[in-house]
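What follows is the content of data.tsv (TSV, C-alpha atoms and all ligand atoms).
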chain	number	residue	atom	x	y	z
A	1	MET	CA	14.98	21.24	-16.67
A	2	ASN	CA	12.68	20.36	-13.81
A	3	LYS	CA	14.36	18.31	-11.12
A	4	VAL	CA	11.38	16.21	-10.05
A	5	GLY	CA	9.63	13.73	-12.32
A	6	ILE	CA	6.02	12.61	-12.15
A	7	VAL	CA	4.88	9.49	-13.98
A	8	TYR	CA	1.17	9.41	-14.71
A	9	GLY	CA	-1.22	8.46	-17.49
A	10	ASP	CA	-4.99	7.99	-17.51
A	11	VAL	CA	-4.19	4.39	-18.48
A	12	TYR	CA	-3.74	3.91	-14.70
A	13	LEU	CA	-7.54	4.08	-14.41
A	14	SER	CA	-7.70	0.66	-16.06
A	15	TYR	CA	-6.24	-0.92	-12.91
A	16	ASN	CA	-9.72	-1.36	-11.54
A	17	PHE	CA	-11.00	-4.24	-9.43
A	18	GLY	CA	-14.55	-3.08	-9.93
A	19	HIS	CA	-17.26	-1.07	-8.25
A	20	GLY	CA	-17.19	-1.20	-4.47
A	21	HIS	CA	-13.60	-2.47	-4.24
A	22	PRO	CA	-11.61	-0.36	-1.74
A	23	LEU	CA	-8.85	0.43	-4.25
A	24	ASN	CA	-10.60	3.22	-6.14
A	25	PRO	CA	-8.66	4.03	-9.34
A	26	TYR	CA	-9.83	7.65	-9.18
A	27	ARG	CA	-7.43	8.26	-6.31
A	28	VAL	CA	-4.45	8.46	-8.69
A	29	LYS	CA	-6.35	10.57	-11.18
A	30	LEU	CA	-7.59	12.99	-8.51
A	31	PHE	CA	-4.09	13.21	-7.09
A	32	PHE	CA	-2.75	14.14	-10.52
A	33	ASP	CA	-5.61	16.63	-10.98
A	34	LEU	CA	-4.83	18.19	-7.62
A	35	ILE	CA	-1.16	18.82	-8.38
A	36	LYS	CA	-2.18	20.09	-11.80
A	37	HIS	CA	-4.69	22.60	-10.40
A	38	TYR	CA	-2.18	23.70	-7.78
A	39	GLY	CA	0.14	24.56	-10.69
A	40	LEU	CA	2.80	22.05	-9.69
A	41	LEU	CA	3.09	20.55	-13.18
A	42	GLN	CA	4.96	23.67	-14.28
A	43	VAL	CA	7.82	22.72	-11.99
A	44	LEU	CA	7.60	18.96	-12.59
A	45	ASN	CA	8.81	16.79	-15.42
A	46	HIS	CA	5.67	14.85	-16.41
A	47	VAL	CA	6.08	11.62	-18.37
A	48	GLU	CA	3.68	8.85	-19.34
A	49	PRO	CA	4.17	5.31	-18.04
A	50	ARG	CA	5.16	2.46	-20.35
A	51	MET	CA	4.31	-1.23	-20.14
A	52	ALA	CA	6.85	-3.41	-18.38
A	53	SER	CA	8.05	-6.29	-20.58
A	54	GLU	CA	7.53	-9.91	-19.61
A	55	ASN	CA	11.27	-10.25	-19.06
A	56	GLU	CA	11.11	-7.37	-16.62
A	57	LEU	CA	8.20	-9.01	-14.76
A	58	MET	CA	10.24	-12.19	-14.58
A	59	LEU	CA	13.07	-10.43	-12.76
A	60	VAL	CA	10.85	-11.27	-9.78
A	61	HIS	CA	7.87	-13.36	-10.87
A	62	SER	CA	7.73	-16.92	-12.20
A	63	ARG	CA	6.85	-17.71	-15.82
A	64	GLU	CA	3.89	-19.74	-14.52
A	65	TYR	CA	2.52	-16.85	-12.52
A	66	VAL	CA	2.91	-14.34	-15.38
A	67	ASP	CA	1.06	-16.80	-17.65
A	68	LYS	CA	-1.65	-17.28	-15.04
A	69	VAL	CA	-2.22	-13.51	-14.82
A	70	LYS	CA	-2.44	-13.32	-18.63
A	71	ARG	CA	-4.96	-16.15	-18.71
A	72	LEU	CA	-7.16	-14.64	-15.98
A	73	SER	CA	-6.84	-11.23	-17.63
A	74	GLU	CA	-8.22	-12.54	-20.91
A	75	ARG	CA	-11.01	-14.39	-19.15
A	76	GLY	CA	-11.84	-11.43	-16.89
A	77	TYR	CA	-12.92	-13.25	-13.74
A	78	GLY	CA	-11.45	-15.46	-11.03
A	79	MET	CA	-9.25	-14.73	-8.03
A	80	LEU	CA	-5.54	-14.10	-7.57
A	81	ASP	CA	-5.71	-14.69	-3.82
A	82	PHE	CA	-8.38	-15.66	-1.32
A	83	GLY	CA	-10.77	-12.84	-2.10
A	84	ASP	CA	-9.05	-9.44	-1.97
A	85	THR	CA	-7.67	-9.44	-5.50
A	86	PRO	CA	-10.19	-10.43	-8.16
A	87	ALA	CA	-9.16	-10.77	-11.80
A	88	PHE	CA	-10.57	-8.32	-14.33
A	89	LYS	CA	-10.41	-7.98	-18.09
A	90	GLY	CA	-7.18	-6.29	-19.13
A	91	MET	CA	-5.63	-6.86	-15.70
A	92	PHE	CA	-2.33	-7.99	-17.24
A	93	GLU	CA	-1.84	-4.85	-19.37
A	94	ALA	CA	-3.04	-2.54	-16.59
A	95	SER	CA	-0.54	-4.13	-14.18
A	96	CYS	CA	2.27	-3.86	-16.72
A	97	TYR	CA	1.71	-0.11	-16.94
A	98	LEU	CA	1.93	0.32	-13.17
A	99	VAL	CA	5.22	-1.61	-13.08
A	100	GLY	CA	6.51	0.15	-16.19
A	101	GLY	CA	5.67	3.48	-14.57
A	102	THR	CA	8.01	2.67	-11.70
A	103	LEU	CA	10.75	1.64	-14.16
A	104	VAL	CA	10.27	4.93	-16.01
A	105	ALA	CA	10.74	6.75	-12.68
A	106	VAL	CA	13.88	4.69	-12.00
A	107	ASP	CA	15.29	5.49	-15.46
A	108	MET	CA	14.61	9.21	-15.03
A	109	VAL	CA	16.50	9.27	-11.75
A	110	MET	CA	19.35	7.00	-12.82
A	111	SER	CA	19.94	8.73	-16.15
A	112	GLY	CA	20.15	12.08	-14.39
A	113	LYS	CA	17.14	13.42	-16.24
A	114	CYS	CA	15.63	14.11	-12.81
A	115	GLU	CA	16.87	13.97	-9.26
A	116	HIS	CA	13.68	12.53	-7.85
A	117	ALA	CA	10.63	10.93	-9.42
A	118	PHE	CA	7.21	9.78	-8.22
A	119	ASN	CA	5.04	7.05	-9.70
A	120	PRO	CA	1.74	7.18	-7.79
A	121	GLY	CA	0.57	4.05	-9.64
A	122	GLY	CA	3.29	1.88	-8.08
A	123	GLY	CA	3.93	0.53	-4.61
A	124	LEU	CA	2.31	-2.89	-5.03
A	125	HIS	CA	4.18	-4.47	-2.15
A	126	HIS	CA	2.03	-7.56	-1.46
A	127	ALA	CA	2.70	-9.38	-4.75
A	128	SER	CA	5.40	-12.04	-4.53
A	129	HIS	CA	7.24	-14.52	-6.76
A	130	ASP	CA	4.32	-16.68	-7.76
A	131	ARG	CA	1.24	-15.02	-6.42
A	132	GLY	CA	-0.71	-11.80	-6.31
A	133	ALA	CA	-2.27	-10.61	-3.07
A	134	GLY	CA	-3.78	-7.64	-1.28
A	135	PHE	CA	-4.80	-5.69	-4.44
A	136	CYS	CA	-1.28	-6.22	-5.92
A	137	VAL	CA	-0.69	-8.20	-9.11
A	138	PHE	CA	3.02	-7.59	-9.80
A	139	ASN	CA	5.52	-6.19	-7.31
A	140	ASP	CA	6.94	-3.08	-9.01
A	141	ILE	CA	9.21	-2.35	-6.03
A	142	ALA	CA	11.01	-5.69	-6.09
A	143	ILE	CA	11.18	-5.54	-9.89
A	144	ALA	CA	12.70	-2.04	-9.68
A	145	VAL	CA	15.34	-3.33	-7.25
A	146	ARG	CA	16.36	-6.19	-9.59
A	147	TYR	CA	16.32	-3.77	-12.52
A	148	LEU	CA	18.57	-1.36	-10.62
A	149	LEU	CA	21.00	-4.12	-9.64
A	150	ASP	CA	21.06	-5.79	-13.10
A	151	LYS	CA	20.55	-2.99	-15.60
A	152	TRP	CA	21.92	0.01	-13.77
A	153	ARG	CA	24.57	-1.99	-11.92
A	154	VAL	CA	23.98	-0.17	-8.66
A	155	LYS	CA	25.54	-1.70	-5.58
A	156	ARG	CA	22.99	-0.88	-2.90
A	157	VAL	CA	19.30	0.04	-2.84
A	158	MET	CA	17.38	1.10	0.23
A	159	ILE	CA	13.64	0.50	0.29
A	160	LEU	CA	11.51	2.39	2.77
A	161	ASP	CA	7.93	1.18	3.02
A	162	ILE	CA	5.58	3.32	5.13
A	163	ASP	CA	2.32	1.69	4.04
A	164	VAL	CA	0.29	0.74	7.12
A	165	HIS	CA	0.32	-2.88	5.91
A	166	HIS	CA	3.52	-4.87	6.06
A	167	GLY	CA	5.16	-5.19	2.61
A	168	ASP	CA	5.30	-8.98	2.74
A	169	GLY	CA	5.78	-9.47	-1.01
A	170	THR	CA	8.77	-7.15	-1.08
A	171	GLN	CA	10.17	-8.81	2.03
A	172	TRP	CA	9.94	-12.40	0.78
A	173	THR	CA	11.13	-11.73	-2.77
A	174	LEU	CA	14.23	-9.88	-1.52
A	175	TYR	CA	14.67	-11.75	1.77
A	176	SER	CA	18.13	-13.15	0.94
A	177	GLU	CA	19.34	-10.05	-0.95
A	178	PRO	CA	21.97	-8.09	1.05
A	179	ARG	CA	22.26	-5.40	-1.62
A	180	ALA	CA	18.73	-4.25	-0.77
A	181	LEU	CA	18.16	-2.85	2.72
A	182	LYS	CA	14.45	-3.12	3.37
A	183	VAL	CA	12.93	-0.91	6.06
A	184	ASP	CA	9.25	-1.36	6.76
A	185	PHE	CA	7.08	0.69	9.16
A	186	HIS	CA	3.61	-0.78	9.59
A	187	GLU	CA	0.81	-1.60	11.99
A	188	SER	CA	1.74	-4.79	13.81
A	189	GLY	CA	0.70	-8.03	12.14
A	190	LEU	CA	-1.03	-8.96	15.39
A	191	TYR	CA	-3.84	-6.61	14.40
A	192	LEU	CA	-3.68	-6.19	10.62
A	193	TYR	CA	-3.33	-7.88	7.23
A	194	PRO	CA	-1.09	-9.59	6.15
A	195	GLY	CA	-0.11	-10.71	9.68
A	196	THR	CA	3.64	-10.60	9.10
A	197	GLY	CA	6.47	-8.09	9.62
A	198	PHE	CA	7.60	-8.96	13.15
A	199	MET	CA	10.98	-7.79	14.37
A	200	ASP	CA	12.54	-11.26	14.21
A	201	GLU	CA	11.91	-11.43	10.45
A	202	MET	CA	15.39	-10.10	9.63
A	203	GLY	CA	16.27	-11.74	6.34
A	204	GLU	CA	17.96	-15.05	5.51
A	205	GLY	CA	21.32	-16.28	4.22
A	206	GLU	CA	23.41	-13.39	2.96
A	207	GLY	CA	20.38	-11.17	3.33
A	208	TYR	CA	20.20	-11.73	7.08
A	209	GLY	CA	20.30	-8.37	8.84
A	210	PHE	CA	18.97	-6.44	5.83
A	211	MET	CA	15.25	-6.61	6.63
A	212	VAL	CA	14.24	-4.08	9.28
A	213	ASN	CA	10.67	-4.44	10.46
A	214	VAL	CA	9.15	-1.77	12.68
A	215	PRO	CA	5.73	-3.05	13.83
A	216	LEU	CA	3.63	-0.39	15.54
A	217	PRO	CA	0.64	-0.63	17.89
A	218	PRO	CA	-2.86	0.47	16.86
A	219	ARG	CA	-3.51	4.20	17.38
A	220	THR	CA	0.17	5.09	16.89
A	221	HIS	CA	0.07	8.89	16.62
A	222	ASP	CA	2.25	11.49	14.90
A	223	ASP	CA	4.53	12.04	17.90
A	224	ALA	CA	5.28	8.35	18.41
A	225	TYR	CA	5.60	7.61	14.69
A	226	LEU	CA	7.92	10.51	13.99
A	227	TYR	CA	9.97	9.63	17.05
A	228	ALA	CA	10.53	6.08	15.74
A	229	PHE	CA	11.11	7.31	12.20
A	230	LYS	CA	13.79	9.82	13.20
A	231	GLU	CA	15.49	7.35	15.54
A	232	ILE	CA	15.71	4.62	12.90
A	233	VAL	CA	15.62	5.78	9.28
A	234	PRO	CA	18.40	8.42	9.04
A	235	THR	CA	20.96	6.20	10.79
A	236	LEU	CA	20.15	3.24	8.57
A	237	ALA	CA	20.44	5.37	5.43
A	238	GLU	CA	23.68	6.97	6.54
A	239	GLU	CA	25.28	3.64	7.51
A	240	PHE	CA	24.05	1.61	4.52
A	241	LYS	CA	24.89	4.36	2.00
A	242	PRO	CA	22.45	3.35	-0.75
A	243	ASP	CA	23.06	4.42	-4.35
A	244	VAL	CA	19.34	5.04	-4.63
A	245	ILE	CA	16.33	5.11	-2.29
A	246	ILE	CA	12.93	3.69	-3.22
A	247	HIS	CA	10.15	4.99	-1.01
A	248	GLN	CA	6.79	3.22	-0.93
A	249	CYS	CA	4.39	6.00	0.03
A	250	GLY	CA	1.27	4.15	1.14
A	251	VAL	CA	-0.72	6.63	3.20
A	252	ASP	CA	-3.15	4.26	4.89
A	253	ALA	CA	-1.56	4.88	8.31
A	254	HIS	CA	-3.61	8.09	8.31
A	255	PHE	CA	-6.35	8.26	10.98
A	256	GLU	CA	-9.09	8.60	8.36
A	257	ASP	CA	-8.16	5.39	6.58
A	258	PRO	CA	-10.99	2.85	6.74
A	259	LEU	CA	-8.82	-0.29	6.52
A	260	ALA	CA	-6.35	0.16	9.39
A	261	HIS	CA	-5.94	1.56	12.91
A	262	LEU	CA	-3.01	3.96	13.05
A	263	ALA	CA	-3.63	7.65	13.82
A	264	LEU	CA	-1.29	9.74	11.69
A	265	THR	CA	-2.23	13.15	10.32
A	266	THR	CA	-0.86	14.98	7.32
A	267	ARG	CA	1.82	16.38	9.65
A	268	SER	CA	3.61	13.03	9.61
A	269	TYR	CA	3.55	12.80	5.81
A	270	ALA	CA	4.94	16.31	5.43
A	271	GLU	CA	7.77	15.60	7.83
A	272	ILE	CA	8.55	12.17	6.38
A	273	ALA	CA	8.85	13.62	2.88
A	274	GLU	CA	11.13	16.39	4.14
A	275	ILE	CA	13.35	13.94	5.99
A	276	MET	CA	13.59	11.54	3.05
A	277	HIS	CA	14.29	14.28	0.55
A	278	GLU	CA	17.08	15.66	2.70
A	279	LEU	CA	18.48	12.18	3.33
A	280	ALA	CA	18.52	11.39	-0.39
A	281	HIS	CA	20.64	14.46	-1.05
A	282	LYS	CA	22.90	13.50	1.83
A	283	VAL	CA	23.42	9.77	1.19
A	284	SER	CA	22.35	8.75	-2.32
A	285	GLY	CA	23.35	11.65	-4.54
A	286	GLY	CA	19.73	12.82	-4.54
A	287	ARG	CA	18.55	9.63	-6.26
A	288	TYR	CA	15.10	9.15	-4.77
A	289	VAL	CA	12.23	7.24	-6.33
A	290	MET	CA	8.80	7.51	-4.73
A	291	VAL	CA	6.02	5.07	-5.52
A	292	GLY	CA	2.41	5.04	-4.35
A	293	GLY	CA	0.77	2.36	-2.26
A	294	GLY	CA	-2.25	1.98	-0.03
A	295	GLY	CA	-4.69	4.63	1.09
A	296	TYR	CA	-8.42	4.05	0.91
A	297	ASN	CA	-9.89	7.40	1.75
A	298	VAL	CA	-9.62	9.17	-1.60
A	299	GLY	CA	-9.67	12.69	-0.14
A	300	THR	CA	-6.88	11.78	2.26
A	301	VAL	CA	-4.65	10.00	-0.26
A	302	THR	CA	-4.78	12.83	-2.77
A	303	ARG	CA	-3.96	15.41	-0.10
A	304	ALA	CA	-1.19	13.40	1.58
A	305	TRP	CA	0.61	12.66	-1.71
A	306	THR	CA	0.29	16.29	-2.80
A	307	ILE	CA	1.81	17.47	0.47
A	308	MET	CA	4.65	14.94	0.15
A	309	LEU	CA	5.41	15.91	-3.42
A	310	SER	CA	5.32	19.63	-2.57
A	311	LYS	CA	7.92	19.02	0.14
A	312	VAL	CA	10.19	17.23	-2.33
A	313	VAL	CA	9.78	20.03	-4.87
A	314	GLY	CA	10.27	22.61	-2.12
A	315	ILE	CA	7.09	24.59	-2.70
A	316	GLU	CA	4.70	25.55	0.07
A	317	LEU	CA	1.11	25.17	-1.14
A	318	PRO	CA	-1.83	27.22	0.14
A	319	ASP	CA	-4.21	25.30	2.37
A	320	GLU	CA	-7.15	26.29	0.22
A	321	LEU	CA	-7.88	23.56	-2.31
A	322	PRO	CA	-8.27	24.69	-5.96
A	323	ARG	CA	-11.90	25.28	-6.95
A	324	GLU	CA	-11.68	23.27	-10.18
A	325	TRP	CA	-10.39	20.32	-8.20
A	326	LEU	CA	-13.21	20.49	-5.64
A	327	ILE	CA	-15.69	20.26	-8.51
A	328	ALA	CA	-13.83	17.42	-10.21
A	329	PHE	CA	-13.72	15.53	-6.91
A	330	LYS	CA	-17.44	15.86	-6.30
A	331	ASN	CA	-18.22	14.81	-9.87
A	332	LEU	CA	-16.05	11.70	-9.79
A	333	MET	CA	-16.67	10.58	-6.22
A	334	GLY	CA	-20.26	11.67	-5.75
A	335	TYR	CA	-19.67	13.08	-2.28
A	336	ASP	CA	-18.17	16.23	-0.77
A	337	PRO	CA	-14.45	16.85	-1.18
A	338	PRO	CA	-12.15	17.53	1.78
A	339	ALA	CA	-12.14	21.11	3.11
A	340	THR	CA	-8.44	21.92	3.19
A	341	LEU	CA	-5.11	20.50	2.04
A	342	HIS	CA	-3.81	19.84	5.54
A	343	ASP	CA	-5.85	18.10	8.23
A	344	LYS	CA	-7.95	20.46	10.25
A	345	SER	CA	-8.96	17.82	12.76
A	346	LYS	CA	-7.02	15.09	14.46
A	347	PRO	CA	-8.00	11.91	16.22
A	348	PHE	CA	-8.85	12.11	19.88
A	349	ILE	CA	-6.23	10.35	21.98
A	350	SER	CA	-6.40	10.72	25.75
A	351	GLU	CA	-3.26	11.68	27.61
A	352	GLY	CA	-3.01	8.23	29.14
A	353	ALA	CA	-3.38	6.51	25.78
A	354	TRP	CA	-0.85	8.91	24.23
A	355	ARG	CA	1.72	7.97	26.89
A	356	SER	CA	1.10	4.25	26.71
A	357	ILE	CA	1.41	4.24	22.90
A	358	MET	CA	4.60	6.28	23.15
A	359	ALA	CA	6.04	3.79	25.64
A	360	ASP	CA	5.17	0.86	23.34
A	361	VAL	CA	6.82	2.54	20.37
A	362	GLN	CA	9.91	3.42	22.41
A	363	HIS	CA	10.18	-0.25	23.27
A	364	VAL	CA	10.01	-1.22	19.59
A	365	VAL	CA	12.73	1.33	18.77
A	366	ARG	CA	15.01	-0.07	21.47
A	367	GLU	CA	14.47	-3.61	20.18
A	368	VAL	CA	15.18	-2.60	16.57
A	369	LYS	CA	18.40	-0.88	17.61
A	370	LYS	CA	19.48	-3.94	19.57
A	371	ARG	CA	18.85	-6.29	16.66
A	372	PHE	CA	20.57	-4.05	14.15
A	373	SER	CA	23.37	-2.91	16.45
A	374	ARG	CA	25.88	-3.01	13.63
A	375	PHE	CA	24.07	-0.01	12.12
A	376	PHE	CA	23.32	1.65	15.48
A	377	LYS	CA	26.80	1.74	16.97
A	401	ZN	ZN	15.95	17.64	-4.17
A	402	ZN	ZN	-1.71	-0.74	2.75

Starting from the coordinates I provided, produce the structure as structure tokens.
Amino acid sequence: MNKVGIVYGDVYLSYNFGHGHPLNPYRVKLFFDLIKHYGLLQVLNHVEPRMASENELMLVHSREYVDKVKRLSERGYGMLDFGDTPAFKGMFEASCYLVGGTLVAVDMVMSGKCEHAFNPGGGLHHASHDRGAGFCVFNDIAIAVRYLLDKWRVKRVMILDIDVHHGDGTQWTLYSEPRALKVDFHESGLYLYPGTGFMDEMGEGEGYGFMVNVPLPPRTHDDAYLYAFKEIVPTLAEEFKPDVIIHQCGVDAHFEDPLAHLALTTRSYAEIAEIMHELAHKVSGGRYVMVGGGGYNVGTVTRAWTIMLSKVVGIELPDELPREWLIAFKNLMGYDPPATLHDKSKPFISEGAWRSIMADVQHVVREVKKRFSRFFK
């Protein structure tokens, strides 16, 4: 039995906001093609997604909002927010598959069928109780948390969100929930959509102290990011002792991403996946659910997710990309594929800029530790 599950079906291609929209549905297909041509499927447990039920959607979303999505989905036009998230025909069903895919991954991990599972179609962290936003219709992460607490009766869930955008939908829908520790690394809301995720947003009521925001300055590089990550994430996981970890794997903090301003390379994604995999075995009995997220350079997303998954499986992949995949990429995208699996170039950052970014990030780390001193004893 293969220990790592992958949830994917071509039905994911139907989550499509239309030509020219930054969320290109081919990114999930080309990611799946890449792991296939690398031969990883032989060591993975591949399952198809299912549709989430309306009751499952309503673990987080209002009846009115679910009905609104169904209405817009039948009509096929209109807007879910102020312009980023247009309705399309079949949007309701397509969204249900993405959410259901995350629930399939959760079930695989919780039933013991797999230790870890990845749903690249999930990670829709901007959707909240009664609205869609930022390319996200339903919030599969928040739904998975409620599903874990209600159906699987787990006591504690840790969510790690590394998408470059703050996961505002996840934050607000679970803001008063102390059984979910939410940890969110993102580019500061001073510079980037959705403009939230500051350090003083720490939760409310019983959930106060269970929302950890780590806002980072533009141009944050591998060294600064990994410094903050290693200072913050392992301690939180070891102190909170989650029964399961959900990891939103948005890869738009990469320097080639067109929508944001951080400067990570594939080195960060490799190390993050290694750290999280090891942590899961240490603190949550190996139970580790990965979901997708942002990433708007298709060549980068497919490579970064493949590297992350290979780390979790424990297989070192050759840097040379499979020939069949290079052809498939060119055919689907209409432009040249990336040259190698790992980045061969990195962003230019002067020594002075490197130091000043590092100092800013060190300041953020100190502030986070101060605010969450009960975890950082
Ligand atoms: Zn493992
Ligand atoms: Zn994003």

Write out as JSON lines the residues of chain A that have any atom within 12 Å of an atom of ligand ZN 401 (chain A), one row each with the nearest atom pair and its distance in Å to one decimal, counting only C-alpha atoms and all ligand atoms, sorted by chain and then rising number.
{"residue": "A:Asn2", "atom": "CA", "partner": "A:ZN401", "partner_atom": "ZN", "distance": 10.5}
{"residue": "A:Lys3", "atom": "CA", "partner": "A:ZN401", "partner_atom": "ZN", "distance": 7.2}
{"residue": "A:Val4", "atom": "CA", "partner": "A:ZN401", "partner_atom": "ZN", "distance": 7.6}
{"residue": "A:Gly5", "atom": "CA", "partner": "A:ZN401", "partner_atom": "ZN", "distance": 11.0}
{"residue": "A:Leu44", "atom": "CA", "partner": "A:ZN401", "partner_atom": "ZN", "distance": 11.9}
{"residue": "A:Val109", "atom": "CA", "partner": "A:ZN401", "partner_atom": "ZN", "distance": 11.3}
{"residue": "A:Cys114", "atom": "CA", "partner": "A:ZN401", "partner_atom": "ZN", "distance": 9.3}
{"residue": "A:Glu115", "atom": "CA", "partner": "A:ZN401", "partner_atom": "ZN", "distance": 6.3}
{"residue": "A:His116", "atom": "CA", "partner": "A:ZN401", "partner_atom": "ZN", "distance": 6.7}
{"residue": "A:Ala117", "atom": "CA", "partner": "A:ZN401", "partner_atom": "ZN", "distance": 10.0}
{"residue": "A:Ala273", "atom": "CA", "partner": "A:ZN401", "partner_atom": "ZN", "distance": 10.8}
{"residue": "A:Glu274", "atom": "CA", "partner": "A:ZN401", "partner_atom": "ZN", "distance": 9.7}
{"residue": "A:Ile275", "atom": "CA", "partner": "A:ZN401", "partner_atom": "ZN", "distance": 11.1}
{"residue": "A:Met276", "atom": "CA", "partner": "A:ZN401", "partner_atom": "ZN", "distance": 9.7}
{"residue": "A:His277", "atom": "CA", "partner": "A:ZN401", "partner_atom": "ZN", "distance": 6.0}
{"residue": "A:Glu278", "atom": "CA", "partner": "A:ZN401", "partner_atom": "ZN", "distance": 7.2}
{"residue": "A:Leu279", "atom": "CA", "partner": "A:ZN401", "partner_atom": "ZN", "distance": 9.6}
{"residue": "A:Ala280", "atom": "CA", "partner": "A:ZN401", "partner_atom": "ZN", "distance": 7.7}
{"residue": "A:His281", "atom": "CA", "partner": "A:ZN401", "partner_atom": "ZN", "distance": 6.5}
{"residue": "A:Lys282", "atom": "CA", "partner": "A:ZN401", "partner_atom": "ZN", "distance": 10.1}
{"residue": "A:Ser284", "atom": "CA", "partner": "A:ZN401", "partner_atom": "ZN", "distance": 11.1}
{"residue": "A:Gly285", "atom": "CA", "partner": "A:ZN401", "partner_atom": "ZN", "distance": 9.5}
{"residue": "A:Gly286", "atom": "CA", "partner": "A:ZN401", "partner_atom": "ZN", "distance": 6.1}
{"residue": "A:Arg287", "atom": "CA", "partner": "A:ZN401", "partner_atom": "ZN", "distance": 8.7}
{"residue": "A:Tyr288", "atom": "CA", "partner": "A:ZN401", "partner_atom": "ZN", "distance": 8.6}
{"residue": "A:Val289", "atom": "CA", "partner": "A:ZN401", "partner_atom": "ZN", "distance": 11.3}
{"residue": "A:Leu309", "atom": "CA", "partner": "A:ZN401", "partner_atom": "ZN", "distance": 10.7}
{"residue": "A:Ser310", "atom": "CA", "partner": "A:ZN401", "partner_atom": "ZN", "distance": 10.9}
{"residue": "A:Lys311", "atom": "CA", "partner": "A:ZN401", "partner_atom": "ZN", "distance": 9.2}
{"residue": "A:Val312", "atom": "CA", "partner": "A:ZN401", "partner_atom": "ZN", "distance": 6.1}
{"residue": "A:Val313", "atom": "CA", "partner": "A:ZN401", "partner_atom": "ZN", "distance": 6.7}
{"residue": "A:Gly314", "atom": "CA", "partner": "A:ZN401", "partner_atom": "ZN", "distance": 7.8}
{"residue": "A:Ile315", "atom": "CA", "partner": "A:ZN401", "partner_atom": "ZN", "distance": 11.4}

Enumerate residues in contact with ligand ZN 402 (chain A): an atom-to-atom distance of at most 10 Å, counting all atoms listed in the file. Format the result as a JSON list (two decimals) with C-alpha atoms, in the coordinates of the input.
[["chain", "number", "residue", "atom", "x", "y", "z"],
["A", 123, "GLY", "CA", 3.93, 0.53, -4.61],
["A", 124, "LEU", "CA", 2.31, -2.89, -5.03],
["A", 125, "HIS", "CA", 4.18, -4.47, -2.15],
["A", 126, "HIS", "CA", 2.03, -7.56, -1.46],
["A", 134, "GLY", "CA", -3.78, -7.64, -1.28],
["A", 135, "PHE", "CA", -4.80, -5.69, -4.44],
["A", 161, "ASP", "CA", 7.93, 1.18, 3.02],
["A", 162, "ILE", "CA", 5.58, 3.32, 5.13],
["A", 163, "ASP", "CA", 2.32, 1.69, 4.04],
["A", 164, "VAL", "CA", 0.29, 0.74, 7.12],
["A", 165, "HIS", "CA", 0.32, -2.88, 5.91],
["A", 166, "HIS", "CA", 3.52, -4.87, 6.06],
["A", 167, "GLY", "CA", 5.16, -5.19, 2.61],
["A", 186, "HIS", "CA", 3.61, -0.78, 9.59],
["A", 187, "GLU", "CA", 0.81, -1.60, 11.99],
["A", 192, "LEU", "CA", -3.68, -6.19, 10.62],
["A", 193, "TYR", "CA", -3.33, -7.88, 7.23],
["A", 194, "PRO", "CA", -1.09, -9.59, 6.15],
["A", 249, "CYS", "CA", 4.39, 6.00, 0.03],
["A", 250, "GLY", "CA", 1.27, 4.15, 1.14],
["A", 251, "VAL", "CA", -0.72, 6.63, 3.20],
["A", 252, "ASP", "CA", -3.15, 4.26, 4.89],
["A", 253, "ALA", "CA", -1.56, 4.88, 8.31],
["A", 257, "ASP", "CA", -8.16, 5.39, 6.58],
["A", 259, "LEU", "CA", -8.82, -0.29, 6.52],
["A", 260, "ALA", "CA", -6.35, 0.16, 9.39],
["A", 293, "GLY", "CA", 0.77, 2.36, -2.26],
["A", 294, "GLY", "CA", -2.25, 1.98, -0.03],
["A", 295, "GLY", "CA", -4.69, 4.63, 1.09],
["A", 296, "TYR", "CA", -8.42, 4.05, 0.91]]

For this session: Measuring atom to atom with only C-alpha atoms, identify which of A:Ser176, A:Ala133, A:Glu231, A:Glu56 is nearest to A:Tyr147.
Result: A:Glu56

Exercise. At most 12 Å from (1.3, -6.3, 14.9), file frame, only C-alpha atoms: which residues, as a ChimeraX atom specification?
Worked result: /A:164-166,185-199,213-220,260-262,360-361,364

For this session: Name all residues at most 12 Å from A:Met333 (count only C-alpha atoms; drop same-chain ones fewer than 3 positions away) and give them as a VMD selection string.
Result: chain A and resid 19 to 20 24 to 27 29 to 30 297 to 299 325 to 330 336 to 338

For this session: Name the residues in contact with stretch 89-99 of chain A at a cut-off of 6 Å, using all atoms listed in the file, excluding same-chain residues fewer than 5 positions from it; report them as a ChimeraX atom specification.
Result: /A:14-15,50-52,70,73-74,76,121-122,140

For this session: Could you check which of A:Phe118, A:Phe17, A:Phe138, A:Tyr335 is closest to A:Gly78, using all atoms listed in the file?
Result: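 Closest residue, counting all atoms listed in the file: A:Phe17.
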